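Some notes on the structure that comes next.
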Amino acid sequence: MKTLPDLGAEFQALRREAGRTQQEVATAAGMRQEALSRFERGRGSDFSLGKMLRLAHVLGKELNFVACRQRPTLEDVLLECQAQSNTGPASR
């Protein structure tokens, strides 16, 4: 899963690839240049999904959401431990 700083760096690369300044993109997305700068540097902890969607639209991109692996349950962990204890030289 990508972190917010990872996304900021990706948006920065997309903006630069498009040959646009932070001010141009921020204005077109309806935000302040300072907010975009913080986001691109990984310091925009309050950066909303709405802002990301507007930035993607301005840059001619779209965000895709993919399923990620859920955190294991206690049952998953117990089953894994049991499976590991049933392997190896001691289990023969």
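So you can find residues: chains in the structure tokens are A, B, ... in the order shown, residues in each start at 1, and ligands are numbered from 1 in order.
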
Near range 13-19 of chain A, counting only C-alpha atoms, which residues have an atom at most 12 Å away, once you skip same-chain residues fewer than 5 positions from it, shown as JSON, numbers by chain? {"A": [6, 7, 8, 24, 25, 26, 36, 37, 40, 41, 55, 56, 57, 58, 59, 60, 61, 62]}

May I have the selected residues written with N, CA and C atoms, as a PDB file, in the first residue's frame?
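Saved file result_12.pdb follows:
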ATOM      1  N   ASP A   6       4.371   8.813  -0.599  1.00  0.00           N
ATOM      2  CA  ASP A   6       4.549   8.139  -1.900  1.00  0.00           C
ATOM      3  C   ASP A   6       3.653   8.773  -2.957  1.00  0.00           C
ATOM      4  N   LEU A   7       2.396   9.013  -2.584  1.00  0.00           N
ATOM      5  CA  LEU A   7       1.457   9.622  -3.533  1.00  0.00           C
ATOM      6  C   LEU A   7       1.882  11.038  -3.898  1.00  0.00           C
ATOM      7  N   GLY A   8       2.358  11.780  -2.910  1.00  0.00           N
ATOM      8  CA  GLY A   8       2.827  13.142  -3.184  1.00  0.00           C
ATOM      9  C   GLY A   8       3.961  13.150  -4.190  1.00  0.00           C
ATOM     10  N   GLU A  24       0.401  26.705 -11.304  1.00  0.00           N
ATOM     11  CA  GLU A  24      -0.591  26.418 -12.362  1.00  0.00           C
ATOM     12  C   GLU A  24      -1.537  25.294 -11.952  1.00  0.00           C
ATOM     13  N   VAL A  25      -0.965  24.219 -11.462  1.00  0.00           N
ATOM     14  CA  VAL A  25      -1.774  23.057 -11.099  1.00  0.00           C
ATOM     15  C   VAL A  25      -2.649  23.360  -9.888  1.00  0.00           C
ATOM     16  N   ALA A  26      -2.086  24.006  -8.888  1.00  0.00           N
ATOM     17  CA  ALA A  26      -2.856  24.332  -7.692  1.00  0.00           C
ATOM     18  C   ALA A  26      -4.033  25.240  -8.024  1.00  0.00           C
ATOM     19  N   LEU A  36      -0.186  22.292  -2.155  1.00  0.00           N
ATOM     20  CA  LEU A  36       0.350  21.341  -3.126  1.00  0.00           C
ATOM     21  C   LEU A  36       1.823  21.053  -2.838  1.00  0.00           C
ATOM     22  N   SER A  37       2.572  22.068  -2.492  1.00  0.00           N
ATOM     23  CA  SER A  37       3.989  21.892  -2.178  1.00  0.00           C
ATOM     24  C   SER A  37       4.164  20.955  -0.989  1.00  0.00           C
ATOM     25  N   GLU A  40       3.371  17.361  -2.091  1.00  0.00           N
ATOM     26  CA  GLU A  40       4.428  16.782  -2.924  1.00  0.00           C
ATOM     27  C   GLU A  40       5.666  16.401  -2.107  1.00  0.00           C
ATOM     28  N   ARG A  41       5.911  17.114  -1.025  1.00  0.00           N
ATOM     29  CA  ARG A  41       7.071  16.826  -0.175  1.00  0.00           C
ATOM     30  C   ARG A  41       6.757  15.825   0.930  1.00  0.00           C
ATOM     31  N   LEU A  55      -6.584  17.117  -8.322  1.00  0.00           N
ATOM     32  CA  LEU A  55      -5.237  17.158  -8.906  1.00  0.00           C
ATOM     33  C   LEU A  55      -5.121  16.160 -10.054  1.00  0.00           C
ATOM     34  N   ALA A  56      -5.613  14.958  -9.846  1.00  0.00           N
ATOM     35  CA  ALA A  56      -5.552  13.935 -10.896  1.00  0.00           C
ATOM     36  C   ALA A  56      -6.290  14.413 -12.136  1.00  0.00           C
ATOM     37  N   HIS A  57      -7.463  15.023 -11.940  1.00  0.00           N
ATOM     38  CA  HIS A  57      -8.245  15.527 -13.072  1.00  0.00           C
ATOM     39  C   HIS A  57      -7.476  16.614 -13.828  1.00  0.00           C
ATOM     40  N   VAL A  58      -6.877  17.534 -13.098  1.00  0.00           N
ATOM     41  CA  VAL A  58      -6.114  18.622 -13.716  1.00  0.00           C
ATOM     42  C   VAL A  58      -4.947  18.066 -14.532  1.00  0.00           C
ATOM     43  N   LEU A  59      -4.344  16.985 -14.034  1.00  0.00           N
ATOM     44  CA  LEU A  59      -3.195  16.388 -14.725  1.00  0.00           C
ATOM     45  C   LEU A  59      -3.606  15.352 -15.765  1.00  0.00           C
ATOM     46  N   GLY A  60      -4.918  15.196 -15.982  1.00  0.00           N
ATOM     47  CA  GLY A  60      -5.405  14.259 -16.987  1.00  0.00           C
ATOM     48  C   GLY A  60      -5.242  12.807 -16.584  1.00  0.00           C
ATOM     49  N   LYS A  61      -5.280  12.544 -15.295  1.00  0.00           N
ATOM     50  CA  LYS A  61      -5.120  11.185 -14.769  1.00  0.00           C
ATOM     51  C   LYS A  61      -6.348  10.826 -13.956  1.00  0.00           C
ATOM     52  N   GLU A  62      -6.431   9.567 -13.579  1.00  0.00           N
ATOM     53  CA  GLU A  62      -7.490   9.144 -12.676  1.00  0.00           C
ATOM     54  C   GLU A  62      -6.893   8.255 -11.591  1.00  0.00           C
TER      55      GLU A  62
END

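Between CA of Ala28 in chain A and CA of Gly42 in chain A lies a distance of 20.8 Å.
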
Given the choices A:Phe39, A:Gln22, A:Gln84, A:Ala29, which gets closest to Arg54 in chain A if the distance is worked out from only C-alpha atoms?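 The shortest atom-to-atom distance to Arg54 in chain A comes from A:Ala29.
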